[in-house]
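A short write-up of the structure that comes next.
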Amino acid sequence: MSGSPLGRRTALLLELDATVAPPGVAPDPVARVLGRGTAPLPLLLAALERAGGDAQVAGLLVKVGGAGWPLARAQELADALRRFRRRSGAPVVAWAETFGEFAGASVAYYLATGCDEIWLQPSGDLGLTGVAVEATFLAEGLERFGVEPQLGQRHEYKNAADSVLRRSFTDAHREAVTRLARSTAEQLIAGIATARGLPAAEVRALVDRAPLSAAEAKEAGLVDRLGYRDEVYSAVRDRVAGGRGGVPPTLRYLSRYARERPSLPARIRRRGYPVIALVEAHGAIHLGRSRRGPLRGPSTGSDTLSAALRAAVRSEPAALILRVDSPGGSYVASDVIWREVGRVRAAGLPVVASMGDVAGSGGYYVAMGADAIVAQPGTLTGSIGVFGGKAVTAGLLARLGVGHDAVSEGAHARMFTARRGFTPQERELLEEWLDRVYADFTAKVASSRGMSARRVHELARGRVWTGSDAHERGLIDELGGLRRAVEVAAGRAGLDPDRVRLRRFPDVRPLDRLRGPRSSEDRGAAALESGSGIGSGYGIGLGSGYGIGSGFGIGWGYGTGSDWGPLSAVAGALGLPSEGPLMLPYRLRLS
């Protein structure tokens with residue numbers, strides 16, 4: 001580090017490229033090699049927390065304007081930017097070439113309002129165009145192809161099945177997505193109005209006028225200055241240098257700063273802080289080992305996550321945070337993890353669930369056993385319900401001239417084949433199965449949340465809620481991100497949240513990975529991952545397939561898995577979620 005003429009260390013001006021949403025979890029090694037190793041959100045949050053107390057950091061430049069940001073993730077980063085501003089007193093400047101090139105970019109602009117100044121290129125646009133919900137219905141097309149879906153659901157809001165059973169929204173389906181869109185729009189408008197000092201009604205009117213030109217956006221008070229990159233950087237450099245004796249700052253990417261070691265005194269000081277364990281559940285939930293790969297996101301295997309929870313308990317932390325970012329998946333796997341969370345609490349550790357972009361159905365199931373649940377207002381959660389069944393392709397095969405025959409022993413040996421429909425008795429068995437899963441799920445919600453069975457049923461029935469609406473209805477306890485979860489966990493452990501260390505589990509040494517675990521109780525078991533595969537049998541899953549995103553959002557589901565059993569190929573051909581029969585089909589689009 002070069003020194004100034006006055007002998008002081010050169011100030012750092014940090015840079016963050018937020019045109020692409022950072023992943024919620026570290027990418028796998030292959031993704032890093034392919035150049036997709038963007039710094040994960042937890043690393044950036046930790047870096048902002050450290051930078052807020054670093055006197056050498058004199059400011060932050062944030063490039064914004066891209067699509068693909070889930071609202072909850074944008075809320076978490078925007079909160080971290082505001083905290084950095086309060087703690088450091090340093091300027092935080094957002095700049096964009098455009099917020100959508102005559103396209104929607106509502107979430108990108110919302111993120112920019114976490115900064116104290118917003119610049120926009122004169123030729124750019126502000127696509128603050130609002131929220132839309134889109135759903136695809138396949139019933140007529142499947143009928144033409146000779147495919148007959150035979151599905152059951154619990155209950156009317158668990159509408160993943162609607163995409164293959166219906167031709168348009170049912171009343172319940174429309175009611176649910178209308179509220180999701182309205183709640184999301186309310187959050188966007190309220191957040192922007194507060195940050196920009198504008199009346200909410202005026203922001204709403206601007207949304208209905210958008211997309212806006214750069215000049216119109218500045219006139220409306222949505223941006224502060226118009227300029228190109230060189231003008232932004234020159235202005236901020238001069239501002240920082242003016243407060244540092246005229247010495248120009250050194251630019252440093254926030255992700256690079258995050259990977260640099262703190263000073264020795266800081267490391268020594270932190271070494272004495274109590275530890276809060278962090279265990280993460282990302283992607284679809286399934287039995288067995290967690291999976292990840294370069295062509296899909298991570299998934300959560302019940303074996304791997306349970307081992308991580310056991311390893312965390314053995315390390316004797318002060319508390320534990322379970323970070324959940326999952327649309328659900330397998331009912332049985334979710335129940336395995338729920339049990340392990342209960343065992344952590346039984347060991348005397350406070351457990352706080354921190355929800356990411358989505359923690360629906362199976363994702364809610366694994367979180368509900370915690371002492372407290374924290375979610376962002378834009379998190380998608382709830383979806384307490386179940387559906388299952390199969391798609392019968394006998395008609396399709398007949399039209400293609402494909403014959404089939406079978407020999408079986410056992411009254412229900414062919415219950416799950418796609419080549420014939422359910423018999424009346426098999427349909428009854430399916431309905432009993434769905435009732436049993438729904439009853440178990442809702443009973444555990446009632447016990448965890450201190451609600452009556454009647455009240456849980458009113459809130460459940462498969463309905464997805466935003467975090468804001470879920471908080472109002474008692475399904476979660478606090479609004480906020482990982483930082484708020486740390487505060488809650490520290491408070492329950494009787495600790496100062498500014499004097500704790502967050503330690504991620506599994507915390508496995510390279511040697512442990514090479515030699516492999518000696519047993520399922522060995523800490524190395526928490527690091528086991530496997531490739532994708534198709535298992536045998538048939539399962540019921542818990543899942544919510546909503547996605548919030550700027551642009552196209554997240555569609556049907558995550559990863560690959562075995563919960564459709566031998567029907568996986570059929571499920572994939574029909575566009576059904578590969579991780580299980582409970583994902584929800586339509587998109588919540590922030591445009």
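The way I read the labels, and the way they are meant: chains A, B, ... in the order of the structure tokens, residue 1 as the first residue of every chain, and ligand 1 as the first ligand shown, with later ones counted on from there.
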Could you pull out all residues of range 297-374 of chain A with a DSSP call of strand (DSSP E or B) and give them as a PyMOL selection string? chain A and resi 300-301+319-326+328-330+351-360+372-374
So that I can see what lies close to Pro262 in chain A, please list as a ChimeraX atom specification the residues with an atom at most 12 Å from it, counting only C-alpha atoms and leaving out residues fewer than 2 positions away in the same chain. /A:46-47,50-51,53-54,56,257-260,264-271
Store the residues of this selection in a file with all heavy atoms, as a compact mmCIF listing (two decimals), in the first residue's frame.
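Saved file selection-v8.txt follows:
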```txt
# COMPACT_ATOMS: atom_id res chain seq x y z
N ALA A 46 -20.37 -9.52 4.51
CA ALA A 46 -19.30 -9.49 5.52
C ALA A 46 -18.29 -8.40 5.21
O ALA A 46 -17.78 -7.73 6.11
CB ALA A 46 -18.62 -10.86 5.57
N ALA A 47 -18.00 -8.22 3.91
CA ALA A 47 -17.04 -7.18 3.53
C ALA A 47 -17.56 -5.79 3.85
O ALA A 47 -16.82 -4.92 4.33
CB ALA A 47 -16.73 -7.29 2.03
N ARG A 50 -17.27 -5.21 7.58
CA ARG A 50 -15.89 -4.88 7.99
C ARG A 50 -15.48 -3.49 7.51
O ARG A 50 -14.86 -2.72 8.25
CB ARG A 50 -14.92 -5.94 7.43
CG ARG A 50 -13.46 -5.66 7.77
CD ARG A 50 -12.62 -6.93 7.67
NE ARG A 50 -12.49 -7.44 6.34
CZ ARG A 50 -11.47 -7.14 5.51
NH1 ARG A 50 -10.53 -6.29 5.90
NH2 ARG A 50 -11.40 -7.67 4.31
N ALA A 51 -15.87 -3.16 6.26
CA ALA A 51 -15.49 -1.86 5.71
C ALA A 51 -16.13 -0.71 6.48
O ALA A 51 -15.55 0.38 6.57
CB ALA A 51 -15.90 -1.79 4.23
N GLY A 53 -16.32 -0.29 9.52
CA GLY A 53 -15.49 0.08 10.67
C GLY A 53 -14.04 0.30 10.33
O GLY A 53 -13.19 0.41 11.23
N ASP A 54 -13.72 0.34 9.03
CA ASP A 54 -12.34 0.50 8.56
C ASP A 54 -12.10 1.96 8.18
O ASP A 54 -12.66 2.45 7.20
CB ASP A 54 -12.11 -0.42 7.37
CG ASP A 54 -10.65 -0.47 6.91
OD1 ASP A 54 -9.88 0.42 7.32
OD2 ASP A 54 -10.31 -1.38 6.13
N GLN A 56 -9.71 3.26 6.78
CA GLN A 56 -9.04 3.43 5.49
C GLN A 56 -10.03 3.53 4.34
O GLN A 56 -9.73 4.10 3.29
CB GLN A 56 -8.06 2.28 5.25
CG GLN A 56 -7.15 2.51 4.04
CD GLN A 56 -6.25 1.33 3.78
OE1 GLN A 56 -6.36 0.28 4.43
NE2 GLN A 56 -5.34 1.46 2.83
N TYR A 257 -11.41 -6.80 -1.66
CA TYR A 257 -11.27 -6.35 -0.26
C TYR A 257 -11.77 -7.43 0.69
O TYR A 257 -11.17 -7.68 1.74
CB TYR A 257 -12.06 -5.06 -0.07
CG TYR A 257 -12.10 -4.54 1.34
CD1 TYR A 257 -11.08 -3.74 1.86
CD2 TYR A 257 -13.19 -4.84 2.17
CE1 TYR A 257 -11.13 -3.26 3.16
CE2 TYR A 257 -13.25 -4.36 3.47
CZ TYR A 257 -12.22 -3.58 3.96
OH TYR A 257 -12.28 -3.11 5.26
N ALA A 258 -12.84 -8.11 0.31
CA ALA A 258 -13.43 -9.14 1.17
C ALA A 258 -12.47 -10.29 1.41
O ALA A 258 -12.50 -10.92 2.48
CB ALA A 258 -14.72 -9.67 0.54
N ARG A 259 -11.61 -10.57 0.42
CA ARG A 259 -10.72 -11.72 0.54
C ARG A 259 -9.37 -11.35 1.17
O ARG A 259 -8.53 -12.23 1.39
CB ARG A 259 -10.50 -12.35 -0.83
CG ARG A 259 -11.78 -12.98 -1.39
CD ARG A 259 -11.55 -13.68 -2.72
NE ARG A 259 -12.72 -14.45 -3.12
CZ ARG A 259 -13.67 -14.00 -3.92
NH1 ARG A 259 -13.59 -12.76 -4.41
NH2 ARG A 259 -14.70 -14.75 -4.24
N GLU A 260 -9.15 -10.07 1.43
CA GLU A 260 -7.92 -9.65 2.09
C GLU A 260 -8.06 -9.85 3.60
O GLU A 260 -9.13 -9.65 4.18
CB GLU A 260 -7.63 -8.18 1.78
CG GLU A 260 -7.32 -7.93 0.31
CD GLU A 260 -7.18 -6.45 0.00
OE1 GLU A 260 -7.46 -5.62 0.91
OE2 GLU A 260 -6.81 -6.12 -1.13
N LEU A 264 -3.70 -7.55 11.87
CA LEU A 264 -3.41 -8.50 12.94
C LEU A 264 -4.15 -8.16 14.23
O LEU A 264 -4.74 -9.05 14.85
CB LEU A 264 -1.90 -8.57 13.18
CG LEU A 264 -1.45 -9.55 14.28
CD1 LEU A 264 -1.90 -10.97 13.94
CD2 LEU A 264 0.07 -9.49 14.45
N PRO A 265 -4.17 -6.89 14.66
CA PRO A 265 -4.93 -6.57 15.88
C PRO A 265 -6.41 -6.93 15.76
O PRO A 265 -7.01 -7.41 16.71
CB PRO A 265 -4.72 -5.07 16.05
CG PRO A 265 -3.44 -4.78 15.33
CD PRO A 265 -3.43 -5.72 14.17
N ALA A 266 -6.99 -6.70 14.56
CA ALA A 266 -8.40 -7.02 14.36
C ALA A 266 -8.63 -8.52 14.43
O ALA A 266 -9.62 -8.99 15.00
CB ALA A 266 -8.88 -6.46 13.02
N ARG A 267 -7.70 -9.29 13.84
CA ARG A 267 -7.84 -10.75 13.88
C ARG A 267 -7.72 -11.27 15.31
O ARG A 267 -8.45 -12.16 15.73
CB ARG A 267 -6.79 -11.41 12.99
CG ARG A 267 -6.96 -11.12 11.52
CD ARG A 267 -6.27 -12.15 10.65
NE ARG A 267 -4.85 -12.29 10.95
CZ ARG A 267 -3.89 -11.56 10.40
NH1 ARG A 267 -4.19 -10.60 9.53
NH2 ARG A 267 -2.63 -11.77 10.70
N ILE A 268 -6.79 -10.73 16.07
CA ILE A 268 -6.61 -11.15 17.46
C ILE A 268 -7.84 -10.81 18.28
O ILE A 268 -8.33 -11.60 19.10
CB ILE A 268 -5.35 -10.49 18.07
CG1 ILE A 268 -4.10 -11.02 17.36
CG2 ILE A 268 -5.28 -10.75 19.57
CD1 ILE A 268 -2.83 -10.31 17.78
N ARG A 269 -8.38 -9.62 18.04
CA ARG A 269 -9.56 -9.18 18.78
C ARG A 269 -10.76 -10.09 18.47
O ARG A 269 -11.48 -10.51 19.37
CB ARG A 269 -9.88 -7.73 18.43
CG ARG A 269 -11.04 -7.14 19.22
CD ARG A 269 -11.14 -5.64 18.99
NE ARG A 269 -11.36 -5.29 17.60
CZ ARG A 269 -10.44 -4.72 16.83
NH1 ARG A 269 -9.24 -4.44 17.30
NH2 ARG A 269 -10.72 -4.42 15.56
N ARG A 270 -10.95 -10.41 17.20
CA ARG A 270 -12.10 -11.23 16.81
C ARG A 270 -11.96 -12.68 17.27
O ARG A 270 -12.96 -13.36 17.47
CB ARG A 270 -12.28 -11.20 15.28
CG ARG A 270 -12.90 -9.91 14.77
CD ARG A 270 -13.15 -9.98 13.28
NE ARG A 270 -13.90 -11.16 12.89
CZ ARG A 270 -15.22 -11.26 12.99
NH1 ARG A 270 -15.93 -10.27 13.49
NH2 ARG A 270 -15.84 -12.37 12.59
N ARG A 271 -10.72 -13.13 17.44
CA ARG A 271 -10.51 -14.51 17.84
C ARG A 271 -11.15 -14.81 19.19
O ARG A 271 -11.51 -15.94 19.48
CB ARG A 271 -9.01 -14.79 17.87
CG ARG A 271 -8.65 -16.27 17.73
CD ARG A 271 -7.17 -16.43 17.47
NE ARG A 271 -6.79 -15.91 16.15
CZ ARG A 271 -5.57 -15.50 15.82
NH1 ARG A 271 -4.60 -15.51 16.72
NH2 ARG A 271 -5.31 -15.07 14.61
```
Taking the DSSP assignment computed from this structure's backbone, write out as a PyMOL selection string all residues of range 85-253 of chain A that belong to alpha helix (DSSP H). chain A and resi 85-88+106-112+139-145+162-165+171-196+200-209+214-219+229-242
Take the residues just selected and output them with C-alpha atoms as a PDB file, in the first residue's frame.
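That gives us selection.pdb:
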```
ATOM      1  CA  ARG A  85     -23.265   4.527   5.220  1.00  0.00           C
ATOM      2  CA  ARG A  86     -24.363   5.016   8.846  1.00  0.00           C
ATOM      3  CA  ARG A  87     -21.287   3.407  10.357  1.00  0.00           C
ATOM      4  CA  SER A  88     -18.629   4.886   8.079  1.00  0.00           C
ATOM      5  CA  SER A 106     -37.569  -1.976 -11.072  1.00  0.00           C
ATOM      6  CA  VAL A 107     -35.493  -4.028  -8.621  1.00  0.00           C
ATOM      7  CA  ALA A 108     -32.208  -2.652  -9.935  1.00  0.00           C
ATOM      8  CA  TYR A 109     -33.451   0.859  -9.254  1.00  0.00           C
ATOM      9  CA  TYR A 110     -34.760  -0.163  -5.815  1.00  0.00           C
ATOM     10  CA  LEU A 111     -31.245  -1.416  -5.004  1.00  0.00           C
ATOM     11  CA  ALA A 112     -29.759   1.909  -6.087  1.00  0.00           C
ATOM     12  CA  ALA A 139     -54.149 -28.466 -20.153  1.00  0.00           C
ATOM     13  CA  GLU A 140     -55.366 -28.003 -23.716  1.00  0.00           C
ATOM     14  CA  GLY A 141     -51.993 -28.772 -25.237  1.00  0.00           C
ATOM     15  CA  LEU A 142     -51.591 -31.928 -23.148  1.00  0.00           C
ATOM     16  CA  GLU A 143     -55.061 -33.041 -24.156  1.00  0.00           C
ATOM     17  CA  ARG A 144     -54.160 -32.645 -27.820  1.00  0.00           C
ATOM     18  CA  PHE A 145     -51.085 -34.805 -27.289  1.00  0.00           C
ATOM     19  CA  ASP A 162     -53.295 -25.905 -12.183  1.00  0.00           C
ATOM     20  CA  SER A 163     -50.695 -25.456 -14.894  1.00  0.00           C
ATOM     21  CA  VAL A 164     -51.502 -28.893 -16.277  1.00  0.00           C
ATOM     22  CA  LEU A 165     -55.144 -29.195 -15.156  1.00  0.00           C
ATOM     23  CA  ASP A 171     -60.475 -17.781  -8.523  1.00  0.00           C
ATOM     24  CA  ALA A 172     -58.134 -18.925  -5.715  1.00  0.00           C
ATOM     25  CA  HIS A 173     -55.106 -18.872  -8.012  1.00  0.00           C
ATOM     26  CA  ARG A 174     -55.902 -15.353  -9.195  1.00  0.00           C
ATOM     27  CA  GLU A 175     -56.535 -14.160  -5.645  1.00  0.00           C
ATOM     28  CA  ALA A 176     -53.175 -15.454  -4.452  1.00  0.00           C
ATOM     29  CA  VAL A 177     -51.061 -14.020  -7.252  1.00  0.00           C
ATOM     30  CA  THR A 178     -52.911 -10.706  -7.165  1.00  0.00           C
ATOM     31  CA  ARG A 179     -51.950 -10.295  -3.510  1.00  0.00           C
ATOM     32  CA  LEU A 180     -48.348 -11.307  -4.217  1.00  0.00           C
ATOM     33  CA  ALA A 181     -48.071  -8.718  -6.979  1.00  0.00           C
ATOM     34  CA  ARG A 182     -49.723  -6.039  -4.838  1.00  0.00           C
ATOM     35  CA  SER A 183     -47.549  -6.727  -1.799  1.00  0.00           C
ATOM     36  CA  THR A 184     -44.406  -6.629  -3.927  1.00  0.00           C
ATOM     37  CA  ALA A 185     -45.433  -3.376  -5.587  1.00  0.00           C
ATOM     38  CA  GLU A 186     -46.229  -1.846  -2.180  1.00  0.00           C
ATOM     39  CA  GLN A 187     -42.726  -2.709  -0.976  1.00  0.00           C
ATOM     40  CA  LEU A 188     -41.076  -1.226  -4.052  1.00  0.00           C
ATOM     41  CA  ILE A 189     -43.081   1.990  -3.906  1.00  0.00           C
ATOM     42  CA  ALA A 190     -42.747   2.480  -0.148  1.00  0.00           C
ATOM     43  CA  GLY A 191     -39.002   1.790  -0.224  1.00  0.00           C
ATOM     44  CA  ILE A 192     -38.353   4.168  -3.097  1.00  0.00           C
ATOM     45  CA  ALA A 193     -40.576   6.895  -1.618  1.00  0.00           C
ATOM     46  CA  THR A 194     -38.759   6.744   1.733  1.00  0.00           C
ATOM     47  CA  ALA A 195     -35.288   6.687   0.194  1.00  0.00           C
ATOM     48  CA  ARG A 196     -35.953   9.511  -2.240  1.00  0.00           C
ATOM     49  CA  ALA A 200     -45.802   7.283  -2.215  1.00  0.00           C
ATOM     50  CA  ALA A 201     -48.644   8.438  -4.473  1.00  0.00           C
ATOM     51  CA  GLU A 202     -46.165  10.357  -6.604  1.00  0.00           C
ATOM     52  CA  VAL A 203     -43.904   7.309  -6.951  1.00  0.00           C
ATOM     53  CA  ARG A 204     -46.907   5.225  -7.957  1.00  0.00           C
ATOM     54  CA  ALA A 205     -47.771   7.762 -10.647  1.00  0.00           C
ATOM     55  CA  LEU A 206     -44.178   7.645 -11.920  1.00  0.00           C
ATOM     56  CA  VAL A 207     -44.363   3.845 -12.135  1.00  0.00           C
ATOM     57  CA  ASP A 208     -47.425   4.195 -14.359  1.00  0.00           C
ATOM     58  CA  ARG A 209     -45.528   6.682 -16.569  1.00  0.00           C
ATOM     59  CA  ALA A 214     -32.791  10.090 -17.958  1.00  0.00           C
ATOM     60  CA  ALA A 215     -33.867  13.728 -18.067  1.00  0.00           C
ATOM     61  CA  GLU A 216     -37.392  12.840 -16.904  1.00  0.00           C
ATOM     62  CA  ALA A 217     -35.996  10.680 -14.077  1.00  0.00           C
ATOM     63  CA  LYS A 218     -33.814  13.561 -12.854  1.00  0.00           C
ATOM     64  CA  GLU A 219     -36.657  16.051 -13.081  1.00  0.00           C
ATOM     65  CA  ARG A 229     -18.659   6.759 -15.912  1.00  0.00           C
ATOM     66  CA  ASP A 230     -15.628   9.020 -16.112  1.00  0.00           C
ATOM     67  CA  GLU A 231     -17.642  11.928 -14.719  1.00  0.00           C
ATOM     68  CA  VAL A 232     -18.978   9.807 -11.839  1.00  0.00           C
ATOM     69  CA  TYR A 233     -15.529   8.534 -10.900  1.00  0.00           C
ATOM     70  CA  SER A 234     -13.927  11.950 -11.208  1.00  0.00           C
ATOM     71  CA  ALA A 235     -16.555  13.549  -8.964  1.00  0.00           C
ATOM     72  CA  VAL A 236     -16.309  10.861  -6.297  1.00  0.00           C
ATOM     73  CA  ARG A 237     -12.484  10.787  -6.380  1.00  0.00           C
ATOM     74  CA  ASP A 238     -12.391  14.558  -5.889  1.00  0.00           C
ATOM     75  CA  ARG A 239     -14.904  14.299  -3.050  1.00  0.00           C
ATOM     76  CA  VAL A 240     -12.891  11.612  -1.267  1.00  0.00           C
ATOM     77  CA  ALA A 241      -9.549  13.306  -1.872  1.00  0.00           C
ATOM     78  CA  GLY A 242     -10.938  16.573  -0.537  1.00  0.00           C
TER      79      GLY A 242
END
```
Distance query range 428-434 of chain A at most 8 Å, only C-alpha atoms, self and fewer than 3 positions along chain excluded, as a list of chain:residue names: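 Those residues are A:Gly152, A:Gln153, A:Arg154, A:Val386, A:Phe387, A:Gly388, A:Gly389, A:Pro424, A:Gln425, A:Val437, A:Tyr438.
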Residues from last step as file, N, CA and C atoms, as a PDB file, in the first residue's frame:
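See selection19.pdb below for the written result:
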```
ATOM      1  N   GLY A 152     -53.664 -34.699  -7.443  1.00  0.00           N
ATOM      2  CA  GLY A 152     -54.437 -34.223  -6.304  1.00  0.00           C
ATOM      3  C   GLY A 152     -53.646 -33.157  -5.575  1.00  0.00           C
ATOM      4  N   GLN A 153     -54.324 -32.240  -4.894  1.00  0.00           N
ATOM      5  CA  GLN A 153     -53.635 -31.137  -4.236  1.00  0.00           C
ATOM      6  C   GLN A 153     -54.330 -30.775  -2.931  1.00  0.00           C
ATOM      7  N   ARG A 154     -53.547 -30.246  -1.994  1.00  0.00           N
ATOM      8  CA  ARG A 154     -54.054 -29.780  -0.707  1.00  0.00           C
ATOM      9  C   ARG A 154     -53.499 -28.380  -0.444  1.00  0.00           C
ATOM     10  N   VAL A 386     -49.520 -29.415  -0.249  1.00  0.00           N
ATOM     11  CA  VAL A 386     -48.928 -30.563  -0.915  1.00  0.00           C
ATOM     12  C   VAL A 386     -49.734 -30.914  -2.155  1.00  0.00           C
ATOM     13  N   PHE A 387     -49.074 -31.451  -3.176  1.00  0.00           N
ATOM     14  CA  PHE A 387     -49.799 -32.054  -4.283  1.00  0.00           C
ATOM     15  C   PHE A 387     -48.995 -33.232  -4.817  1.00  0.00           C
ATOM     16  N   GLY A 388     -49.672 -34.135  -5.472  1.00  0.00           N
ATOM     17  CA  GLY A 388     -48.995 -35.300  -6.017  1.00  0.00           C
ATOM     18  C   GLY A 388     -49.876 -36.011  -7.020  1.00  0.00           C
ATOM     19  N   GLY A 389     -49.293 -36.909  -7.753  1.00  0.00           N
ATOM     20  CA  GLY A 389     -50.021 -37.651  -8.764  1.00  0.00           C
ATOM     21  C   GLY A 389     -49.107 -38.029  -9.902  1.00  0.00           C
ATOM     22  N   PRO A 424     -59.711 -46.737  -9.036  1.00  0.00           N
ATOM     23  CA  PRO A 424     -60.405 -46.031  -7.953  1.00  0.00           C
ATOM     24  C   PRO A 424     -59.741 -46.235  -6.589  1.00  0.00           C
ATOM     25  N   GLN A 425     -59.276 -47.460  -6.302  1.00  0.00           N
ATOM     26  CA  GLN A 425     -58.631 -47.712  -5.018  1.00  0.00           C
ATOM     27  C   GLN A 425     -57.302 -46.976  -4.920  1.00  0.00           C
ATOM     28  N   VAL A 437     -49.992 -36.113   4.697  1.00  0.00           N
ATOM     29  CA  VAL A 437     -48.874 -35.159   4.630  1.00  0.00           C
ATOM     30  C   VAL A 437     -49.333 -33.770   5.062  1.00  0.00           C
ATOM     31  N   TYR A 438     -50.484 -33.351   4.554  1.00  0.00           N
ATOM     32  CA  TYR A 438     -50.986 -32.012   4.896  1.00  0.00           C
ATOM     33  C   TYR A 438     -51.272 -31.912   6.389  1.00  0.00           C
TER      34      TYR A 438
END
```
Sort by chain and increasing residue number a table of all residues of range 267-343 of chain A within 10 Å of range 373-381 of chain A, each with its closest pair of atoms and their distance in Å to one decimal, counting only C-alpha atoms, and write it as a Markdown table.
```
| residue | atom | partner | partner_atom | distance |
| --- | --- | --- | --- | --- |
| A:Ile321 | CA | A:Ile373 | CA | 9.7 |
| A:Leu322 | CA | A:Ile373 | CA | 9.4 |
| A:Arg323 | CA | A:Val374 | CA | 9.5 |
| A:Val324 | CA | A:Ala375 | CA | 9.6 |
| A:Asp325 | CA | A:Thr379 | CA | 9.2 |
| A:Ser326 | CA | A:Thr381 | CA | 9.4 |
| A:Pro327 | CA | A:Thr381 | CA | 8.4 |
```
For the residues in that selection, give me N, CA, C and O atoms as a tab-separated table (two decimals), in the first residue's frame.
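As a result, selection_36.tsv now contains:
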```
chain	number	residue	atom	x	y	z
A	321	ILE	N	-27.56	-20.24	13.27
A	321	ILE	CA	-28.44	-19.66	12.25
A	321	ILE	C	-28.57	-20.65	11.11
A	321	ILE	O	-27.57	-21.12	10.56
A	322	LEU	N	-29.81	-20.99	10.77
A	322	LEU	CA	-30.10	-21.83	9.60
A	322	LEU	C	-30.56	-20.91	8.48
A	322	LEU	O	-31.64	-20.34	8.54
A	323	ARG	N	-29.71	-20.75	7.48
A	323	ARG	CA	-30.03	-19.91	6.33
A	323	ARG	C	-30.75	-20.75	5.29
A	323	ARG	O	-30.18	-21.73	4.77
A	324	VAL	N	-31.99	-20.42	4.96
A	324	VAL	CA	-32.81	-21.22	4.05
A	324	VAL	C	-33.13	-20.40	2.80
A	324	VAL	O	-33.70	-19.31	2.89
A	325	ASP	N	-32.74	-20.93	1.66
A	325	ASP	CA	-33.11	-20.33	0.38
A	325	ASP	C	-33.53	-21.48	-0.53
A	325	ASP	O	-32.75	-21.97	-1.33
A	326	SER	N	-34.77	-21.93	-0.36
A	326	SER	CA	-35.20	-23.16	-1.00
A	326	SER	C	-36.68	-23.10	-1.34
A	326	SER	O	-37.49	-22.64	-0.54
A	327	PRO	N	-37.05	-23.61	-2.53
A	327	PRO	CA	-38.47	-23.71	-2.90
A	327	PRO	C	-39.11	-24.98	-2.38
A	327	PRO	O	-40.28	-25.23	-2.65
```
